[in-house]
$ cat model-v8.cif   # mmCIF, C-alpha atoms
data_entry
#
loop_
_atom_site.label_atom_id
_atom_site.label_comp_id
_atom_site.auth_asym_id
_atom_site.auth_seq_id
_atom_site.Cartn_x
_atom_site.Cartn_y
_atom_site.Cartn_z
CA MET D 163 -36.18 -27.39 -42.03
CA ARG D 164 -35.02 -24.66 -39.68
CA ALA D 165 -38.61 -23.62 -39.07
CA ALA D 166 -39.58 -27.25 -38.39
CA ALA D 167 -36.81 -27.55 -35.77
CA ALA D 168 -37.92 -24.32 -34.15
CA GLY D 169 -41.48 -25.60 -34.12
CA ARG D 170 -40.35 -28.75 -32.32
CA SER D 171 -38.44 -26.67 -29.78
CA LEU D 172 -41.46 -24.53 -29.17
CA ALA D 173 -43.64 -27.61 -28.81
CA GLU D 174 -41.21 -28.85 -26.13
CA THR D 175 -41.32 -25.47 -24.43
CA LEU D 176 -45.09 -25.52 -24.50
CA GLU D 177 -45.03 -28.96 -22.92
CA THR D 178 -42.76 -27.64 -20.14
CA VAL D 179 -45.17 -24.77 -19.54
CA ARG D 180 -48.03 -27.26 -19.27
CA GLU D 181 -46.05 -29.35 -16.79
CA LEU D 182 -45.38 -26.24 -14.72
CA THR D 183 -49.08 -25.43 -14.76
CA ALA D 184 -49.79 -28.90 -13.36
CA VAL D 185 -47.14 -28.34 -10.65
CA LEU D 186 -48.83 -25.08 -9.70
CA GLN D 187 -52.20 -26.82 -9.50
CA ASP D 188 -50.72 -29.53 -7.25
CA ALA D 189 -49.20 -26.85 -5.04
CA ALA D 190 -52.59 -25.14 -4.74
CA GLU D 191 -54.20 -28.43 -3.73
CA ASP D 192 -51.50 -29.10 -1.11
CA ILE D 193 -51.98 -25.67 0.44
CA ALA D 194 -55.76 -26.09 0.51
CA ARG D 195 -55.44 -29.53 2.13
CA GLU D 196 -53.07 -28.24 4.84
CA HIS D 197 -55.41 -25.37 5.54
CA ARG D 198 -58.37 -27.74 5.76
CA GLN D 199 -56.59 -29.89 8.37
CA ALA D 200 -55.67 -26.91 10.53
CA PHE D 201 -59.16 -25.47 10.16
CA ASP D 202 -60.84 -28.77 11.16
CA PHE D 203 -58.77 -28.89 14.34
CA PHE D 204 -60.11 -25.48 15.33
CA GLU D 205 -63.63 -25.74 13.93
CA PHE D 206 -64.57 -29.08 15.47
CA ALA D 207 -62.88 -28.70 18.85
CA PRO D 208 -65.35 -29.79 21.52
CA GLN D 209 -64.57 -26.58 23.44
CA ALA D 210 -65.67 -23.09 22.47
CA CYS D 211 -62.66 -21.24 21.03
CA VAL D 212 -62.31 -17.68 19.78
CA ILE D 213 -59.26 -15.91 18.35
CA THR D 214 -59.05 -12.14 18.67
CA GLY D 215 -56.52 -9.54 17.69
CA ALA D 216 -54.57 -7.81 20.48
CA ASP D 217 -57.36 -5.21 20.52
CA GLY D 218 -59.95 -7.84 21.48
CA ARG D 219 -61.81 -7.88 18.16
CA VAL D 220 -62.90 -11.31 16.96
CA LEU D 221 -60.87 -12.80 14.09
CA ALA D 222 -62.23 -16.36 14.21
CA ALA D 223 -64.68 -18.41 16.27
CA ASN D 224 -65.44 -22.11 16.11
CA LEU D 225 -68.65 -24.10 15.98
CA ALA D 226 -68.73 -24.70 19.76
CA ALA D 227 -68.37 -20.93 20.34
CA GLU D 228 -71.38 -20.30 18.12
CA GLU D 229 -73.35 -22.83 20.13
CA LEU D 230 -72.21 -21.53 23.51
CA LEU D 231 -72.86 -17.88 22.73
CA GLY D 232 -75.92 -18.56 20.60
CA LEU D 233 -74.63 -16.25 17.89
CA PRO D 234 -73.70 -16.81 14.26
CA ARG D 235 -70.03 -16.11 13.54
CA ALA D 236 -70.89 -13.48 11.00
CA ARG D 237 -72.20 -11.37 13.87
CA MET D 238 -69.03 -11.84 15.92
CA ALA D 239 -66.40 -11.12 13.26
CA GLY D 240 -64.63 -7.80 13.75
CA ARG D 241 -66.49 -6.96 16.95
CA TYR D 242 -65.17 -6.88 20.51
CA LEU D 243 -65.38 -10.27 22.21
CA SER D 244 -66.23 -8.59 25.51
CA ALA D 245 -69.54 -7.47 24.02
CA PHE D 246 -70.61 -11.09 23.53
CA LEU D 247 -69.40 -12.35 26.87
CA GLY D 248 -71.77 -9.91 28.47
CA LEU D 249 -74.72 -11.29 26.52
CA ARG D 250 -74.85 -14.54 28.40
CA ALA D 251 -74.40 -14.86 32.12
CA GLY D 252 -72.16 -17.63 33.35
CA VAL D 253 -69.65 -17.65 30.49
CA ARG D 254 -66.09 -17.57 31.72
CA ALA D 255 -63.11 -16.87 29.47
CA ARG D 256 -59.45 -17.78 29.70
CA ALA D 257 -57.06 -16.00 27.39
CA MET D 258 -53.70 -17.00 26.03
CA GLU D 259 -51.45 -14.84 23.91
CA LEU D 260 -50.27 -16.02 20.52
CA PRO D 261 -47.27 -14.70 18.61
CA GLY D 262 -48.10 -11.61 16.60
CA GLY D 263 -50.25 -10.05 19.28
CA GLN D 264 -53.24 -12.33 18.77
CA ARG D 265 -55.09 -13.85 21.67
CA SER D 266 -56.92 -17.11 21.81
CA TRP D 267 -59.85 -17.48 24.15
CA ARG D 268 -61.36 -20.63 25.59
CA LEU D 269 -64.90 -20.06 26.64
CA GLU D 270 -66.62 -22.11 29.29
CA ARG D 271 -69.96 -22.05 31.00
CA GLY D 272 -69.33 -20.93 34.57
CA MET U 90 -45.18 -32.04 -2.25
CA ALA U 91 -44.78 -29.39 -4.91
CA GLY U 92 -45.15 -26.53 -2.44
CA ALA U 93 -42.29 -27.88 -0.35
CA ARG U 94 -39.86 -27.38 -3.23
CA GLY U 95 -40.22 -23.70 -2.58
CA SER U 96 -41.62 -20.76 -4.41
CA ASP U 97 -38.15 -19.72 -5.59
CA TRP U 98 -37.77 -22.94 -7.54
CA LEU U 99 -41.03 -22.41 -9.38
CA LYS U 100 -40.34 -18.77 -10.05
CA SER U 101 -36.85 -19.41 -11.43
CA THR U 102 -38.13 -22.27 -13.61
CA LEU U 103 -40.82 -20.01 -14.98
CA ALA U 104 -38.21 -17.34 -15.79
CA ALA U 105 -35.95 -19.96 -17.42
CA VAL U 106 -38.78 -21.23 -19.63
CA ARG U 107 -39.58 -17.69 -20.74
CA GLU U 108 -35.92 -17.00 -21.53
CA LEU U 109 -35.65 -20.27 -23.46
CA MET U 110 -38.68 -19.40 -25.51
CA VAL U 111 -37.37 -15.91 -26.36
CA GLN U 112 -34.00 -17.35 -27.45
CA ARG U 113 -35.63 -19.94 -29.68
CA LEU U 114 -37.90 -17.38 -31.28
CA GLN U 115 -34.90 -15.16 -32.01
CA LYS U 116 -32.95 -18.03 -33.60
CA ALA U 117 -35.70 -19.11 -35.92
CA PRO U 118 -39.18 -17.80 -36.49
CA ALA U 119 -41.71 -20.52 -35.82
CA ASP U 120 -45.25 -21.22 -36.77
CA PRO U 121 -47.19 -18.13 -35.62
CA GLY U 122 -49.95 -20.37 -34.24
CA MET U 123 -47.51 -22.30 -32.08
CA GLU U 124 -45.83 -19.09 -30.94
CA ARG U 125 -49.20 -17.69 -29.89
CA ASP U 126 -50.01 -20.89 -27.97
CA VAL U 127 -46.75 -20.73 -26.03
CA GLN U 128 -47.23 -17.06 -25.27
CA MET U 129 -50.78 -17.66 -24.02
CA ALA U 130 -49.70 -20.64 -21.89
CA LEU U 131 -46.94 -18.53 -20.31
CA GLU U 132 -49.31 -15.68 -19.58
CA GLU U 133 -51.81 -18.10 -18.06
CA LEU U 134 -49.07 -19.58 -15.92
CA GLU U 135 -48.01 -16.17 -14.67
CA VAL U 136 -51.59 -15.24 -13.77
CA MET U 137 -51.98 -18.56 -11.93
CA TRP U 138 -48.72 -17.95 -10.14
CA GLU U 139 -49.81 -14.51 -8.92
CA GLU U 140 -53.20 -15.78 -7.80
CA LEU U 141 -51.73 -18.78 -6.06
CA GLN U 142 -49.22 -16.63 -4.20
CA GLY U 143 -52.00 -14.40 -2.88
CA GLN U 144 -54.21 -17.31 -1.87
CA ALA U 145 -51.33 -19.26 -0.34
CA GLU U 146 -50.30 -16.30 1.79
CA LEU U 147 -53.85 -15.89 3.09
CA LEU U 148 -54.32 -19.60 3.78
CA ARG U 149 -50.91 -19.97 5.42
CA ARG U 150 -51.63 -17.07 7.77
CA GLU U 151 -54.92 -18.65 8.78
CA SER U 152 -53.42 -22.14 9.09
CA ASP U 153 -50.60 -20.80 11.31
CA ARG U 154 -53.16 -19.10 13.49
CA TYR U 155 -55.13 -22.33 14.02
CA GLN U 156 -52.01 -24.49 14.45
CA GLU U 157 -50.47 -22.15 17.02
CA PHE U 158 -53.77 -22.04 18.83
CA PHE U 159 -53.73 -25.78 19.43
CA GLU U 160 -50.03 -26.43 19.68
CA TYR U 161 -49.69 -24.07 22.64
CA ALA U 162 -53.11 -24.70 24.19
CA PRO U 163 -53.01 -25.54 27.88
CA ASP U 164 -55.52 -28.34 27.29
CA THR U 165 -54.89 -31.69 25.68
CA TYR U 166 -56.13 -31.87 22.09
CA LEU U 167 -55.87 -34.78 19.70
CA ILE U 168 -57.16 -35.62 16.26
CA THR U 169 -57.82 -39.24 15.42
CA ASP U 170 -59.00 -40.79 12.20
CA ALA U 171 -62.21 -42.81 12.01
CA GLY U 172 -60.21 -45.87 13.11
CA CYS U 173 -59.21 -44.10 16.40
CA ASN U 174 -55.56 -43.79 15.33
CA VAL U 175 -53.91 -40.57 16.48
CA ARG U 176 -53.21 -38.19 13.57
CA GLU U 177 -52.39 -34.97 15.43
CA ALA U 178 -51.45 -34.21 19.02
CA ASN U 179 -50.54 -30.94 20.71
CA ARG U 180 -47.79 -30.31 23.27
CA ALA U 181 -50.15 -30.71 26.22
CA ALA U 182 -51.10 -34.15 24.84
CA LEU U 183 -47.46 -35.25 24.75
CA GLU U 184 -47.10 -34.16 28.37
CA LEU U 185 -50.31 -35.85 29.51
CA PHE U 186 -49.48 -39.14 27.80
CA GLY U 187 -45.80 -38.95 28.74
CA ALA U 188 -44.99 -39.84 25.15
CA ALA U 189 -42.94 -38.46 22.29
CA ARG U 190 -44.89 -37.37 19.22
CA HIS U 191 -43.81 -40.44 17.23
CA ASP U 192 -45.10 -42.70 20.03
CA LEU U 193 -48.57 -41.18 19.64
CA LEU U 194 -48.97 -40.48 15.93
CA GLY U 195 -50.29 -43.44 13.97
CA HIS U 196 -51.04 -45.45 17.10
CA PRO U 197 -54.53 -46.25 18.41
CA LEU U 198 -55.66 -43.95 21.19
CA THR U 199 -57.13 -46.96 23.00
CA ARG U 200 -53.65 -48.21 23.91
CA PHE U 201 -53.57 -45.42 26.50
CA VAL U 202 -57.00 -46.27 27.92
CA ALA U 203 -57.08 -48.42 31.07
CA GLN U 204 -57.91 -52.04 30.23
CA GLU U 205 -61.09 -52.02 32.35
CA ASP U 206 -62.42 -48.92 30.55
CA ARG U 207 -61.63 -49.95 26.97
CA ALA U 208 -64.94 -51.65 26.17
CA HIS U 209 -66.90 -48.59 27.30
CA PHE U 210 -64.52 -46.25 25.49
CA LEU U 211 -64.81 -48.22 22.27
CA SER U 212 -68.60 -48.41 22.43
CA LYS U 213 -68.76 -44.61 22.79
CA PHE U 214 -66.27 -44.16 19.97
CA ILE U 215 -68.01 -46.56 17.58
CA GLY U 216 -71.39 -44.97 18.35
CA LEU U 217 -69.97 -41.56 17.43
CA VAL U 218 -68.45 -42.79 14.18
CA LEU U 219 -71.53 -44.69 13.09
CA THR U 220 -74.05 -42.02 14.08
CA PRO U 221 -72.12 -38.74 14.21
CA SER U 222 -73.69 -36.18 16.51
CA HIS U 223 -73.51 -32.47 15.83
CA ARG U 224 -72.88 -31.98 19.54
CA PRO U 225 -69.73 -32.95 21.45
CA LEU U 226 -69.95 -36.11 23.53
CA SER U 227 -68.28 -36.37 26.95
CA TRP U 228 -67.59 -39.21 29.36
CA GLU U 229 -65.21 -40.16 32.12
CA CYS U 230 -62.55 -42.81 31.82
CA ARG U 231 -59.07 -43.65 33.02
CA LEU U 232 -55.94 -43.25 30.96
CA VAL U 233 -52.62 -44.95 31.49
CA PRO U 234 -49.87 -42.52 30.47
CA ALA U 235 -46.51 -44.02 29.57
CA GLY U 236 -44.55 -44.87 32.71
CA ALA U 237 -47.43 -43.94 35.05
CA ALA U 238 -47.77 -45.97 38.24
CA LYS U 239 -51.57 -45.74 38.29
CA PRO U 240 -54.37 -44.79 35.90
CA LEU U 241 -55.31 -41.12 35.52
CA PRO U 242 -59.03 -40.28 35.70
CA VAL U 243 -59.99 -37.89 32.91
CA VAL U 244 -63.02 -36.38 31.20
CA VAL U 245 -62.96 -36.99 27.45
CA SER U 246 -64.90 -34.67 25.13
CA VAL U 247 -65.04 -35.52 21.46
CA ARG U 248 -66.62 -34.17 18.35
CA ALA U 249 -66.81 -35.72 14.91
CA ILE U 250 -65.20 -33.95 11.94
CA PRO U 251 -67.73 -34.55 9.19
CA LEU U 252 -66.91 -35.35 5.61
CA ARG U 253 -68.49 -33.00 3.10
CA LYS U 254 -71.27 -35.36 1.99
CA SER U 255 -71.66 -37.88 4.78
CA GLY U 256 -69.59 -39.89 7.20
CA VAL U 257 -66.72 -38.96 9.48
CA ALA U 258 -63.27 -37.70 8.43
CA GLY U 259 -61.92 -37.88 11.95
CA LEU U 260 -62.55 -36.89 15.54
CA CYS U 261 -61.32 -33.97 17.62
CA TRP U 262 -60.62 -34.89 21.26
CA LEU U 263 -60.26 -32.71 24.34
CA ILE U 264 -58.96 -34.53 27.41
CA ARG U 265 -58.88 -33.05 30.89
CA PRO U 266 -57.90 -34.62 34.19
CA SER U 267 -61.08 -34.99 36.29
#
$ encode --input "model-v8.cif" --output "structure tokens"
Amino acid sequence: MRAAAAGRSLAETLETVRELTAVLQDAAEDIAREHRQAFDFFEFAPQACVITGADGRVLAANLAAEELLGLPRARMAGRYLSAFLGLRAGVRARAMELPGGQRSWRLERG
Amino acid sequence: MAGARGSDWLKSTLAAVRELMVQRLQKAPADPGMERDVQMALEELEVMWEELQGQAELLRRESDRYQEFFEYAPDTYLITDAGCNVREANRAALELFGAARHDLLGHPLTRFVAQEDRAHFLSKFIGLVLTPSHRPLSWECRLVPAGAAKPLPVVVSVRAIPLRKSGVAGLCWLIRPS
């Protein structure tokens, strides 16, 4: 009888663990959805945008930047933005500092 | 939202469940099969927790980077849904439209377009939603910011945010005075 009661308690505990697992999965989905929204804002901006570290190395570039510079992002990542601005004449850049020493760049055809 | 409850809540609940299980096992030995199941479920939960924390940290850092980028951008950026209702607006947008965030979010963007330009604006918008282009589309129109005495001529550039398979999830707008 004692063992049966303990078994029931454990079954309840197991159920709690399963509920917690579902909560964790929901949390993961929420985080992914928030990230997707923020990413879409950047990725599909009609203007070419690039984020660099304070040292000028590329951290992220959007679709319009790829089109403007004619370069796949994989080739930009981790390299100095200045190297790409020199590749194409007539590309002007405006920079704005973000917290944490990052800089965002808006690229325009001059 | 589960995430909004805070990581501390989840962590302390996890610790409480583990403690509860240990106490119950000490009081009365249970079916070894059941005990093994609980142990495995707890271990799985802990692994998930660790993985989720790592992924969440990475995603949050990236999300913050993108959000800050647009929130403090000198240009006006908006996101609308496929029905042209404003879903996101940055600070520059609030200034341009002379509106508080709650006056923009959820409302149709067309309410700020000059009456004479609305038909043209809507035809461009509908064309983009029905046949999304991979390239941004730009045109000139006049906006009527809240409290403005006369319409403001602007250049609107917009790009569709595609759904994974097909169709449009929303549109990203850049608006500049012309």
$ residues_around --input "model-v8.cif" --residues "Ala203 in chain U" --least-positions-apart "3" --cutoff "8 Å" --atoms "all atoms listed in the file" --output "number ranges by chain"
U: 200, 206-207, 230-233, 240
$ resolve_selection --input "model-v8.cif" --expression "the PyMOL selection byres ((chain U and resi 193) around 10)" --output "ChimeraX atom specification"
/U:167,174-178,182-183,186-192,194-198,200-201
$ closest_residue --input "model-v8.cif" --among "D:Leu269, D:Leu260, D:Leu233, D:Met238" --to "chain U" --atoms "only C-alpha atoms"
D:Leu260
$ closest_atom_pairs --input "model-v8.cif" --of "chain D" --to "chain U" --cutoff "9 Å" --atoms "all atoms listed in the file" --output "tab-separated table"
residue	atom	partner	partner_atom	distance
D:Arg164	CA	U:Ala117	CA	6.7
D:Ala165	CA	U:Ala119	CA	5.5
D:Ala166	CA	U:Ala119	CA	7.5
D:Ala167	CA	U:Ala117	CA	8.5
D:Ala168	CA	U:Ala119	CA	5.6
D:Gly169	CA	U:Ala119	CA	5.4
D:Ser171	CA	U:Arg113	CA	7.3
D:Leu172	CA	U:Met110	CA	6.9
D:Ala173	CA	U:Met123	CA	7.3
D:Thr175	CA	U:Met110	CA	6.7
D:Leu176	CA	U:Val127	CA	5.3
D:Glu177	CA	U:Val127	CA	9.0
D:Thr178	CA	U:Val106	CA	7.6
D:Val179	CA	U:Leu131	CA	6.5
D:Arg180	CA	U:Ala130	CA	7.3
D:Leu182	CA	U:Leu134	CA	7.7
D:Thr183	CA	U:Leu134	CA	6.0
D:Val185	CA	U:Ala91	CA	6.3
D:Leu186	CA	U:Trp138	CA	7.1
D:Gln187	CA	U:Met137	CA	8.6
D:Asp188	CA	U:Ala91	CA	6.4
D:Ala189	CA	U:Gly92	CA	4.8
D:Ala190	CA	U:Leu141	CA	6.6
D:Asp192	CA	U:Gly92	CA	7.0
D:Ile193	CA	U:Ala145	CA	6.5
D:Ala194	CA	U:Leu148	CA	7.4
D:Glu196	CA	U:Ser152	CA	7.4
D:His197	CA	U:Ser152	CA	5.2
D:Arg198	CA	U:Ser152	CA	8.2
D:Gln199	CA	U:Ser152	CA	8.4
D:Ala200	CA	U:Ser152	CA	5.5
D:Phe201	CA	U:Tyr155	CA	6.4
D:Asp202	CA	U:Ile250	CA	6.8
D:Phe203	CA	U:Cys261	CA	6.6
D:Phe204	CA	U:Tyr155	CA	6.0
D:Glu205	CA	U:Ile250	CA	8.6
D:Phe206	CA	U:Ile250	CA	6.0
D:Ala207	CA	U:Cys261	CA	5.6
D:Pro208	CA	U:Pro225	CA	5.4
D:Gln209	CA	U:Leu263	CA	7.5
D:Ile213	CA	U:Phe158	CA	8.2
D:Ala226	CA	U:Arg224	CA	8.4
D:Met258	CA	U:Ala162	CA	7.9
D:Leu260	CA	U:Glu157	CA	7.1
D:Pro261	CA	U:Glu157	CA	8.3
D:Gln264	CA	U:Arg154	CA	8.6
D:Arg265	CA	U:Phe158	CA	8.8
D:Ser266	CA	U:Phe158	CA	6.6
$ write_last_selection --input "model-v8.cif" --atoms "C-alpha atoms" --output "mmCIF file, in the coordinates of the input"
data_model
loop_
_atom_site.group_PDB
_atom_site.id
_atom_site.type_symbol
_atom_site.label_atom_id
_atom_site.label_comp_id
_atom_site.auth_asym_id
_atom_site.auth_seq_id
_atom_site.Cartn_x
_atom_site.Cartn_y
_atom_site.Cartn_z
ATOM 1 C CA ARG D 164 -35.020 -24.660 -39.680
ATOM 2 C CA ALA D 165 -38.610 -23.620 -39.070
ATOM 3 C CA ALA D 166 -39.580 -27.250 -38.390
ATOM 4 C CA ALA D 167 -36.810 -27.550 -35.770
ATOM 5 C CA ALA D 168 -37.920 -24.320 -34.150
ATOM 6 C CA GLY D 169 -41.480 -25.600 -34.120
ATOM 7 C CA SER D 171 -38.440 -26.670 -29.780
ATOM 8 C CA LEU D 172 -41.460 -24.530 -29.170
ATOM 9 C CA ALA D 173 -43.640 -27.610 -28.810
ATOM 10 C CA THR D 175 -41.320 -25.470 -24.430
ATOM 11 C CA LEU D 176 -45.090 -25.520 -24.500
ATOM 12 C CA GLU D 177 -45.030 -28.960 -22.920
ATOM 13 C CA THR D 178 -42.760 -27.640 -20.140
ATOM 14 C CA VAL D 179 -45.170 -24.770 -19.540
ATOM 15 C CA ARG D 180 -48.030 -27.260 -19.270
ATOM 16 C CA LEU D 182 -45.380 -26.240 -14.720
ATOM 17 C CA THR D 183 -49.080 -25.430 -14.760
ATOM 18 C CA VAL D 185 -47.140 -28.340 -10.650
ATOM 19 C CA LEU D 186 -48.830 -25.080 -9.700
ATOM 20 C CA GLN D 187 -52.200 -26.820 -9.500
ATOM 21 C CA ASP D 188 -50.720 -29.530 -7.250
ATOM 22 C CA ALA D 189 -49.200 -26.850 -5.040
ATOM 23 C CA ALA D 190 -52.590 -25.140 -4.740
ATOM 24 C CA ASP D 192 -51.500 -29.100 -1.110
ATOM 25 C CA ILE D 193 -51.980 -25.670 0.440
ATOM 26 C CA ALA D 194 -55.760 -26.090 0.510
ATOM 27 C CA GLU D 196 -53.070 -28.240 4.840
ATOM 28 C CA HIS D 197 -55.410 -25.370 5.540
ATOM 29 C CA ARG D 198 -58.370 -27.740 5.760
ATOM 30 C CA GLN D 199 -56.590 -29.890 8.370
ATOM 31 C CA ALA D 200 -55.670 -26.910 10.530
ATOM 32 C CA PHE D 201 -59.160 -25.470 10.160
ATOM 33 C CA ASP D 202 -60.840 -28.770 11.160
ATOM 34 C CA PHE D 203 -58.770 -28.890 14.340
ATOM 35 C CA PHE D 204 -60.110 -25.480 15.330
ATOM 36 C CA GLU D 205 -63.630 -25.740 13.930
ATOM 37 C CA PHE D 206 -64.570 -29.080 15.470
ATOM 38 C CA ALA D 207 -62.880 -28.700 18.850
ATOM 39 C CA PRO D 208 -65.350 -29.790 21.520
ATOM 40 C CA GLN D 209 -64.570 -26.580 23.440
ATOM 41 C CA ILE D 213 -59.260 -15.910 18.350
ATOM 42 C CA ALA D 226 -68.730 -24.700 19.760
ATOM 43 C CA MET D 258 -53.700 -17.000 26.030
ATOM 44 C CA LEU D 260 -50.270 -16.020 20.520
ATOM 45 C CA PRO D 261 -47.270 -14.700 18.610
ATOM 46 C CA GLN D 264 -53.240 -12.330 18.770
ATOM 47 C CA ARG D 265 -55.090 -13.850 21.670
ATOM 48 C CA SER D 266 -56.920 -17.110 21.810
#
$ atom_distance --input "model-v8.cif" --atom1 "CA of Ala208 in chain U" --atom2 "CA of Val257 in chain U"
21.0 Å
$ closest_residue --input "model-v8.cif" --among "D:Ala236, D:Ala255, D:Cys211, D:Leu243" --to "Asn224 in chain D" --atoms "only C-alpha atoms"
D:Cys211
$ atom_distance --input "model-v8.cif" --atom1 "CA of Val243 in chain U" --atom2 "CA of Glu229 in chain U"
5.7 Å
$ resolve_selection --input "model-v8.cif" --expression "the PyMOL selection byres ((chain D and resi 241) around 6)" --output "count of residues only"
6
$ atom_distance --input "model-v8.cif" --atom1 "CA of Arg256 in chain D" --atom2 "CA of Arg237 in chain D"
21.3 Å
$ closest_residue --input "model-v8.cif" --among "D:Gly262, D:Arg195, D:Thr214, D:Glu270" --to "Ala227 in chain D" --atoms "only C-alpha atoms"
D:Glu270
$ closest_residue --input "model-v8.cif" --among "U:Lys254, U:Lys239, U:His209, U:Arg265" --to "Leu185 in chain U" --atoms "all atoms listed in the file"
U:Arg265
